Amino acid sequence: MKPRSRTGRRLADRTARVVMIPAALIGLAVLAWILWEVVARGAGALGGSFFTELPTPPGMEGGGLGNAILGTLVITLLATVMGTPVGLLAGIYLAEFGTTSRLATAVRFTTNLLMGTPSIIIGIFVYALIVLRTGHFSGWAGAVALAILMLPVVLRTTEDMLNLVPDELRESALALGAPRWRATLTVVFRAAKTGLATGILLAVARVSGETAPLLFTALNSFYWPQSINEPTANLTVTIFNYAMSPYADWQQKAWGASLLITVGVLFVAVLSRFALKDRRSRTWSR
Amino acid sequence: MDTTTRQRRVDVAFRVLTAACALVVILVMGGILVELVRNSGMSIREFGLGFLTSDDWNPYAGEFGAASSIFGTIVSTAIAMVLAVPLSLIIAIYLVEVARPRASRIIGGGIELLAAVPSIIYGMWGLFVFAALMQEHVQPWLGRWFGFLPLFQGPPMGIGMLTAGLILTLMVLPFITAVTRDVLQMVPPVLKESAHGMGATMWEATRHIALKYGRRGIVGAVFLGFGRALGETMAVTFVIGNSHRISSSLFDAGNTIASSLANEFNEASEPIYLSSLFELALVLFGLTLLFQTLAHFWVTRLQKQEAGDR
């Protein structure tokens with residue numbers, strides 16, 4: 001390193017410190033701005049009928065997105081029911097059985113790849129897999145797409161959280177005569193339960209605001225979902241369709257739906273953050 | 001004795017069950033590749049390698065080329081990375097090395113929340129709020145002062161390549177910042193203290209010690225943001241203008257692979273149209289796989305180098 005004058009070095013340090021503050025405030029400012037716009041433009045759309053009624057044709061007063069709210073809840077719930085057990089069990093394999101085996105290494109690498117795969121690709125994959133084969137769009141297909149997106153998130157947090165559980169705990173359970181599966185599902189799982197719940201919450205937060213994977217799977221609908229085996233209304237695709245329409249009242253409803261989705265997703269995200277913090281502080285105090 | 005054998009059987013079954021679930025990840029990944037290749041077969045046979053180099057996208061004439069989509073994907077991602085990487089590093093350094101704990105917690109928490117905002121919300125905000133700001137203030141200003149560059153010519157329309165790139169910047173910023181912050185927090189304090197003890201300033205200790213120590217994680221963070229920018233769909237679809245052409249001006253409308261897919265997939269009535277869109281998806285999938293694998297090997301190599309250094 002070539003020697004530099006003391007003033008030059010101090011100047012560089014001061015400049016860096018001064019530049020940092022506005023840079024750091026950009027993040028907060030953008031967050032505040034987005035939240036402000038979503039609330040200011042969306043709050044007016046949220047009346048009682050917004051939650052309970054079907055959408056009306058453009059220009060017609062009233063109506064709501066009750067069907068899309070219900071559809072989003074059902075699709076997300078189904079995805080969680082499908083994606084979570086597979087992710088948990090696969091995480092158990094990596095942490096408890098596979099560890100450094102060849103299959104485990106391959107699964108870890110593939111999980112990272114799947115995590116980085118754009119969600120629209122997952123949507124197109126499920127379109128080819130289910131929609132093309134069955135011949136119609138369906139809420140099922142949408143739930144499968146979201147479940148695939150949840151899988152790597154649940155898997156990775158499960159492995160990380162199980163790795164935090166001290167081996168003594170496993171050994172004690174086994175020494176008492178518990179079989180491996182029972183030791184894992186009761187003792188190890190109980191020790192890691194906050195962390196596991198956090199992983200599931202993170203995964204739910206990640207997928208519940210997703211649009212791209214639903215565009216070609218669940219599609220959308222103007223009616224109440226009669227069966228999960230047909231195109232199913234959902235909030236995010238509704239936002240996309242309504243925002244792109246030229247009708248002011250539809251755009252207004254899109255903002256209302258945006259407010260609902262933002263509040264829901266951020267609520268789950270904050271919840272998982274607090275759960276994770278709790279988990280960390282307890283690990284440290286041990 | 002009987003119960004022990006039975007328990008052992010259950011144990012084996014449990015182990016096989018977990019391994020099968022782990023295998024699902026690999027099956028899904030393989031399935032994606034197989035389905036994309038299978039469904040793009042017609043387009044691959046029809047256009048060959050010309051698909052990648054032709055910018056002629058005309059569904060009525062049955063002509064399909066991916067060049068404009070690939071161009072738009074690369075340009076919008078490049079804008080996002082050029083702006084987001086330095087900004088994220090600066091913010092992360094501020095959070096770890098400079099800010100008081102309280103400020104660091106608040107700003108850091110805000111940035112994590114920003115990462116959780118769904119991309120369709122960025123799209124709404126981008127189209128109805130940010131694009132107006134671009135049209136009324138940013139683009140006229142850029143045109144006035146930098147209009148001699150081909151990059152900033154043409155009428156300010158609000159939506160277009162530049163707006164898409166800026167929205168992508170805001171979307172990848174929290175990802176790179178959060179990971180870099182975690183990486184910098186892992187740097188052993190004794191290393192930084194030694195630098196300070198030798199008279200290094202905060203900036204010097206960070207640049208030469210902390211960033212160097214954490215470079216493996218930072219490379220990973222940058223690639224994470226890169227992958228997200230490459231495949232980001234909804235926010236870009238809202239603001240890029242969706243036109244299949246290559247323009248030198250960032251003010252013009254363009255498209256990315258992901259935005260074309262989101263816009264056209266449900267409209268593709270002809271088999272060759274649908275097949276071309278599948279091939280477009282295959283190109284995007286291939287790009288993300290390529291860059292992630294590169295990142296993986298780069299990080300592994302850095303890891304080995306570091307092991308050699310010690």
# chains A, B, ... in the order shown; residues from 1 in each chain; ligands from 1

call {"tool": "closest_atom_pairs", "arguments": {"of": "region 94-205 of chain B", "to": "region 204-207 of chain A", "cutoff": "10 Å", "atoms": "only C-alpha atoms", "output": "Markdown table"}}
result
| residue | atom | partner | partner_atom | distance |
| --- | --- | --- | --- | --- |
| B:Ala115 | CA | A:Arg206 | CA | 9.9 |
| B:Ala116 | CA | A:Arg206 | CA | 7.2 |
| B:Val117 | CA | A:Arg206 | CA | 9.1 |
| B:Pro118 | CA | A:Arg206 | CA | 7.9 |

call {"tool": "write_last_selection", "arguments": {"atoms": "C-alpha atoms", "output": "PDB file, in the first residue's frame"}}
result
ATOM      1  CA  ALA B 115     -37.385  -7.135   1.032  1.00  0.00           C
ATOM      2  CA  ALA B 116     -40.708  -8.658   2.077  1.00  0.00           C
ATOM      3  CA  VAL B 117     -42.903  -6.302   0.015  1.00  0.00           C
ATOM      4  CA  PRO B 118     -44.410  -8.411  -2.818  1.00  0.00           C
TER       5      PRO B 118
END

call {"tool": "interface_residues", "arguments": {"of": "chain A", "to": "chain B", "cutoff": "7 Å", "atoms": "only C-alpha atoms", "output": "VMD selection string"}}
result
chain A and resid 13 16 20 23 to 24 27 to 28 31 34 86 89 to 90 92 to 93 107 110 to 111 113 to 114 116 to 118 120 to 121 125 128 179 to 181 209 to 212 216 258 262 266 269

call {"tool": "write_last_selection", "arguments": {"atoms": "N, CA and C atoms", "output": "short mmCIF file (atom, residue, chain, number, x, y, z; two decimals), in the first residue's frame"}}
result
data_model
loop_
_atom_site.label_atom_id
_atom_site.label_comp_id
_atom_site.auth_asym_id
_atom_site.auth_seq_id
_atom_site.Cartn_x
_atom_site.Cartn_y
_atom_site.Cartn_z
N ASP A 13 -12.14 9.19 4.95
CA ASP A 13 -12.98 8.65 6.02
C ASP A 13 -14.21 9.51 6.24
N ALA A 16 -16.69 9.21 3.36
CA ALA A 16 -17.43 7.95 3.44
C ALA A 16 -18.54 8.07 4.48
N MET A 20 -22.69 7.96 3.63
CA MET A 20 -23.44 6.81 4.12
C MET A 20 -24.85 7.15 4.59
N ALA A 23 -27.52 7.51 1.92
CA ALA A 23 -27.68 6.19 1.29
C ALA A 23 -28.55 5.30 2.17
N ALA A 24 -28.24 5.30 3.48
CA ALA A 24 -28.99 4.43 4.38
C ALA A 24 -30.43 4.87 4.50
N GLY A 27 -33.37 3.49 1.79
CA GLY A 27 -34.17 2.30 2.06
C GLY A 27 -35.43 2.63 2.86
N LEU A 28 -35.24 3.36 3.97
CA LEU A 28 -36.38 3.71 4.82
C LEU A 28 -37.37 4.59 4.07
N LEU A 31 -39.45 2.60 1.58
CA LEU A 31 -40.44 1.80 2.30
C LEU A 31 -41.61 2.67 2.74
N ILE A 34 -43.75 3.80 -0.32
CA ILE A 34 -44.61 2.74 -0.86
C ILE A 34 -45.78 2.50 0.09
N VAL A 86 -43.28 -31.91 3.24
CA VAL A 86 -42.17 -32.37 2.41
C VAL A 86 -40.89 -31.62 2.78
N LEU A 89 -39.61 -32.85 6.28
CA LEU A 89 -39.00 -34.18 6.24
C LEU A 89 -37.67 -34.15 5.48
N ALA A 90 -37.63 -33.38 4.37
CA ALA A 90 -36.38 -33.30 3.62
C ALA A 90 -35.31 -32.62 4.47
N ILE A 92 -35.14 -32.78 7.71
CA ILE A 92 -34.71 -33.81 8.68
C ILE A 92 -33.66 -34.70 8.04
N TYR A 93 -33.91 -35.08 6.78
CA TYR A 93 -32.93 -35.95 6.11
C TYR A 93 -31.56 -35.29 6.09
N VAL A 107 -28.73 -32.57 -2.93
CA VAL A 107 -30.00 -31.94 -2.58
C VAL A 107 -29.77 -30.49 -2.13
N THR A 110 -29.10 -28.41 -5.22
CA THR A 110 -30.32 -28.24 -6.00
C THR A 110 -31.30 -27.30 -5.29
N THR A 111 -31.34 -27.38 -3.95
CA THR A 111 -32.23 -26.50 -3.21
C THR A 111 -31.86 -25.05 -3.45
N LEU A 113 -30.40 -23.88 -6.11
CA LEU A 113 -30.82 -23.56 -7.48
C LEU A 113 -32.32 -23.29 -7.54
N LEU A 114 -33.10 -24.12 -6.83
CA LEU A 114 -34.55 -23.97 -6.86
C LEU A 114 -34.96 -22.66 -6.21
N GLY A 116 -33.31 -19.98 -6.31
CA GLY A 116 -32.99 -18.88 -7.21
C GLY A 116 -33.74 -18.94 -8.52
N THR A 117 -34.58 -19.97 -8.70
CA THR A 117 -35.33 -20.07 -9.95
C THR A 117 -36.48 -19.06 -9.94
N PRO A 118 -36.60 -18.23 -10.98
CA PRO A 118 -37.67 -17.23 -11.01
C PRO A 118 -39.04 -17.88 -10.85
N ILE A 120 -41.82 -17.20 -12.09
CA ILE A 120 -42.62 -17.37 -13.31
C ILE A 120 -42.27 -18.68 -14.01
N ILE A 121 -41.02 -19.13 -13.84
CA ILE A 121 -40.62 -20.42 -14.42
C ILE A 121 -41.38 -21.55 -13.73
N PHE A 125 -43.79 -24.25 -15.48
CA PHE A 125 -43.59 -25.68 -15.26
C PHE A 125 -44.91 -26.34 -14.83
N ALA A 128 -47.32 -26.65 -17.68
CA ALA A 128 -47.04 -27.80 -18.55
C ALA A 128 -47.41 -29.11 -17.85
N PRO A 179 -36.63 -44.78 19.77
CA PRO A 179 -36.15 -44.99 18.41
C PRO A 179 -35.86 -43.64 17.75
N ARG A 180 -35.08 -43.70 16.68
CA ARG A 180 -34.62 -42.48 16.04
C ARG A 180 -35.77 -41.56 15.63
N TRP A 181 -36.81 -42.15 15.04
CA TRP A 181 -37.90 -41.30 14.52
C TRP A 181 -38.60 -40.58 15.66
N GLY A 209 -47.78 -13.34 -1.46
CA GLY A 209 -47.88 -12.17 -2.31
C GLY A 209 -47.49 -12.44 -3.74
N GLU A 210 -47.25 -13.72 -4.07
CA GLU A 210 -46.77 -14.07 -5.42
C GLU A 210 -47.87 -13.95 -6.47
N THR A 211 -47.50 -13.46 -7.62
CA THR A 211 -48.45 -13.32 -8.72
C THR A 211 -48.06 -14.22 -9.89
N ALA A 212 -46.80 -14.11 -10.30
CA ALA A 212 -46.34 -14.79 -11.50
C ALA A 212 -46.68 -16.28 -11.54
N PHE A 216 -50.67 -18.48 -14.84
CA PHE A 216 -50.97 -19.54 -15.81
C PHE A 216 -51.46 -20.81 -15.13
N SER A 258 -54.17 -4.31 -3.05
CA SER A 258 -52.74 -4.14 -2.73
C SER A 258 -52.55 -3.88 -1.25
N THR A 262 -50.40 -6.26 1.14
CA THR A 262 -49.22 -5.71 1.81
C THR A 262 -49.32 -5.89 3.32
N LEU A 266 -46.65 -8.28 5.21
CA LEU A 266 -45.73 -7.66 6.16
C LEU A 266 -46.02 -8.13 7.58
N ALA A 269 -44.37 -11.41 7.91
CA ALA A 269 -42.92 -11.23 7.91
C ALA A 269 -42.44 -10.71 9.27
#

call {"tool": "select_by_dssp", "arguments": {"residues": "region 165-232 of chain B", "states": "alpha helix (DSSP H)", "output": "MDAnalysis selection string"}}
result
chainID B and resid 165:185 189:197 202:204 211:213 215:231

call {"tool": "write_last_selection", "arguments": {"atoms": "C-alpha atoms", "output": "PDB file, in the first residue's frame"}}
result
ATOM      1  CA  GLY B 165     -34.011  -0.781 -14.060  1.00  0.00           C
ATOM      2  CA  LEU B 166     -34.573   1.653 -11.197  1.00  0.00           C
ATOM      3  CA  ILE B 167     -37.457  -0.368  -9.754  1.00  0.00           C
ATOM      4  CA  LEU B 168     -35.250  -3.465  -9.954  1.00  0.00           C
ATOM      5  CA  THR B 169     -32.559  -1.519  -8.104  1.00  0.00           C
ATOM      6  CA  LEU B 170     -34.962  -0.844  -5.240  1.00  0.00           C
ATOM      7  CA  MET B 171     -36.017  -4.496  -5.210  1.00  0.00           C
ATOM      8  CA  VAL B 172     -32.561  -6.092  -5.074  1.00  0.00           C
ATOM      9  CA  LEU B 173     -31.102  -3.442  -2.733  1.00  0.00           C
ATOM     10  CA  PRO B 174     -32.592  -4.904   0.462  1.00  0.00           C
ATOM     11  CA  PHE B 175     -31.441  -8.427  -0.439  1.00  0.00           C
ATOM     12  CA  ILE B 176     -27.811  -7.501  -1.031  1.00  0.00           C
ATOM     13  CA  THR B 177     -27.790  -5.140   1.963  1.00  0.00           C
ATOM     14  CA  ALA B 178     -29.217  -7.682   4.400  1.00  0.00           C
ATOM     15  CA  VAL B 179     -26.797 -10.457   3.455  1.00  0.00           C
ATOM     16  CA  THR B 180     -23.769  -8.116   3.359  1.00  0.00           C
ATOM     17  CA  ARG B 181     -24.721  -6.770   6.786  1.00  0.00           C
ATOM     18  CA  ASP B 182     -24.816 -10.284   8.205  1.00  0.00           C
ATOM     19  CA  VAL B 183     -21.455 -11.045   6.577  1.00  0.00           C
ATOM     20  CA  LEU B 184     -19.815  -7.916   8.011  1.00  0.00           C
ATOM     21  CA  GLN B 185     -21.182  -8.722  11.453  1.00  0.00           C
ATOM     22  CA  PRO B 189     -13.776  -7.788  16.098  1.00  0.00           C
ATOM     23  CA  VAL B 190     -10.117  -8.470  16.886  1.00  0.00           C
ATOM     24  CA  LEU B 191      -9.242  -8.065  13.186  1.00  0.00           C
ATOM     25  CA  LYS B 192     -10.805  -4.624  12.973  1.00  0.00           C
ATOM     26  CA  GLU B 193      -9.395  -3.640  16.358  1.00  0.00           C
ATOM     27  CA  SER B 194      -5.900  -4.531  15.196  1.00  0.00           C
ATOM     28  CA  ALA B 195      -6.334  -2.273  12.166  1.00  0.00           C
ATOM     29  CA  HIS B 196      -7.603   0.564  14.348  1.00  0.00           C
ATOM     30  CA  GLY B 197      -4.704  -0.038  16.730  1.00  0.00           C
ATOM     31  CA  MET B 202     -12.941   3.331  10.010  1.00  0.00           C
ATOM     32  CA  TRP B 203     -13.023   3.493   6.214  1.00  0.00           C
ATOM     33  CA  GLU B 204      -9.598   1.888   5.843  1.00  0.00           C
ATOM     34  CA  LEU B 211     -14.645  -6.329   3.099  1.00  0.00           C
ATOM     35  CA  LYS B 212     -11.708  -8.581   2.309  1.00  0.00           C
ATOM     36  CA  TYR B 213     -12.515 -10.974   5.131  1.00  0.00           C
ATOM     37  CA  ARG B 215     -15.637 -11.192   0.288  1.00  0.00           C
ATOM     38  CA  ARG B 216     -16.953 -14.743  -0.088  1.00  0.00           C
ATOM     39  CA  GLY B 217     -20.262 -13.854   1.499  1.00  0.00           C
ATOM     40  CA  ILE B 218     -20.451 -10.576  -0.381  1.00  0.00           C
ATOM     41  CA  VAL B 219     -19.940 -12.304  -3.732  1.00  0.00           C
ATOM     42  CA  GLY B 220     -22.768 -14.620  -2.729  1.00  0.00           C
ATOM     43  CA  ALA B 221     -24.959 -11.647  -1.817  1.00  0.00           C
ATOM     44  CA  VAL B 222     -24.320  -9.943  -5.155  1.00  0.00           C
ATOM     45  CA  PHE B 223     -25.239 -13.079  -7.078  1.00  0.00           C
ATOM     46  CA  LEU B 224     -28.385 -13.446  -4.992  1.00  0.00           C
ATOM     47  CA  GLY B 225     -29.463  -9.959  -6.062  1.00  0.00           C
ATOM     48  CA  PHE B 226     -28.415 -10.655  -9.637  1.00  0.00           C
ATOM     49  CA  GLY B 227     -30.550 -13.778  -9.841  1.00  0.00           C
ATOM     50  CA  ARG B 228     -33.532 -11.926  -8.461  1.00  0.00           C
ATOM     51  CA  ALA B 229     -33.161  -9.067 -10.942  1.00  0.00           C
ATOM     52  CA  LEU B 230     -32.829 -11.493 -13.846  1.00  0.00           C
ATOM     53  CA  GLY B 231     -36.103 -13.291 -13.181  1.00  0.00           C
TER      54      GLY B 231
END

call {"tool": "residues_around", "arguments": {"residues": "Leu94 (chain A)", "least_positions_apart": "5", "cutoff": "7 Å", "atoms": "only C-alpha atoms", "output": "list of chain:residue names"}}
result
A:Thr99, A:Ala104, A:Glu159

call {"tool": "atom_distance", "arguments": {"atom1": "CA of Thr84 (chain A)", "atom2": "CA of Ala147 (chain A)"}}
result
7.8 Å

call {"tool": "residues_around", "arguments": {"residues": "region 73-82 of chain A", "least_positions_apart": "5", "cutoff": "9 Å", "atoms": "only C-alpha atoms", "output": "PDB file with C-alpha atoms, in the first residue's frame"}}
result
ATOM      1  CA  ALA A  68     -60.489 -13.298  -4.567  1.00  0.00           C
ATOM      2  CA  GLY A 139     -56.786 -23.612  -8.008  1.00  0.00           C
ATOM      3  CA  TRP A 140     -54.967 -26.913  -7.455  1.00  0.00           C
ATOM      4  CA  GLY A 142     -51.845 -22.656  -8.370  1.00  0.00           C
ATOM      5  CA  ALA A 143     -51.420 -24.297  -4.975  1.00  0.00           C
ATOM      6  CA  VAL A 144     -48.879 -26.771  -6.392  1.00  0.00           C
ATOM      7  CA  ALA A 145     -46.863 -23.886  -7.885  1.00  0.00           C
ATOM      8  CA  LEU A 146     -46.809 -22.062  -4.540  1.00  0.00           C
ATOM      9  CA  ALA A 147     -45.947 -25.296  -2.696  1.00  0.00           C
ATOM     10  CA  ILE A 148     -42.892 -25.724  -4.958  1.00  0.00           C
ATOM     11  CA  MET A 150     -42.216 -22.871  -0.359  1.00  0.00           C
ATOM     12  CA  ILE A 200     -42.863 -21.981   7.761  1.00  0.00           C
ATOM     13  CA  ALA A 203     -42.266 -19.451   3.417  1.00  0.00           C
ATOM     14  CA  VAL A 204     -45.920 -18.389   3.740  1.00  0.00           C
ATOM     15  CA  VAL A 207     -45.587 -17.065  -1.455  1.00  0.00           C
ATOM     16  CA  SER A 208     -48.749 -15.283  -0.318  1.00  0.00           C
ATOM     17  CA  ALA A 218     -55.021 -20.639 -10.945  1.00  0.00           C
ATOM     18  CA  ILE A 228     -60.756 -26.011  -6.315  1.00  0.00           C
ATOM     19  CA  THR A 232     -59.900 -19.713  -8.934  1.00  0.00           C
ATOM     20  CA  ASN A 234     -57.134 -14.642  -6.185  1.00  0.00           C
TER      21      ASN A 234
END

call {"tool": "closest_residue", "arguments": {"among": "B:Phe251, B:Ser43, B:Gly72, B:Gly62", "to": "Val138 (chain B)", "atoms": "only C-alpha atoms"}}
result
B:Phe251

call {"tool": "atom_distance", "arguments": {"atom1": "CA of Ile69 (chain A)", "atom2": "CA of Gln226 (chain A)"}}
result
14.1 Å

call {"tool": "closest_residue", "arguments": {"among": "A:Pro213, A:Leu11, A:Phe109, A:Pro225", "to": "Phe297 (chain B)", "atoms": "only C-alpha atoms"}}
result
A:Phe109

call {"tool": "atom_distance", "arguments": {"atom1": "CA of Gly254 (chain B)", "atom2": "CA of Leu35 (chain A)"}}
result
27.9 Å

call {"tool": "closest_residue", "arguments": {"among": "B:Thr300, B:Gln153, B:Thr3, B:Ser260", "to": "Ile240 (chain B)", "atoms": "only C-alpha atoms"}}
result
B:Ser260

call {"tool": "closest_residue", "arguments": {"among": "B:Val75, B:Ala66, B:Leu250, B:Ala235", "to": "Gly154 (chain B)", "atoms": "only C-alpha atoms"}}
result
B:Leu250

call {"tool": "closest_residue", "arguments": {"among": "B:Thr206, B:Ala131, B:Arg9, B:Leu49", "to": "Val96 (chain B)", "atoms": "only C-alpha atoms"}}
result
B:Thr206

call {"tool": "closest_residue", "arguments": {"among": "A:Asn163, A:Thr134, A:Asn112, A:Ser101", "to": "Leu151 (chain A)", "atoms": "only C-alpha atoms"}}
result
A:Asn112

call {"tool": "residues_around", "arguments": {"residues": "Gly143 (chain B)", "least_positions_apart": "4", "cutoff": "12 Å", "atoms": "only C-alpha atoms", "output": "ChimeraX atom specification"}}
result
/B:134-139,147-157,249-251
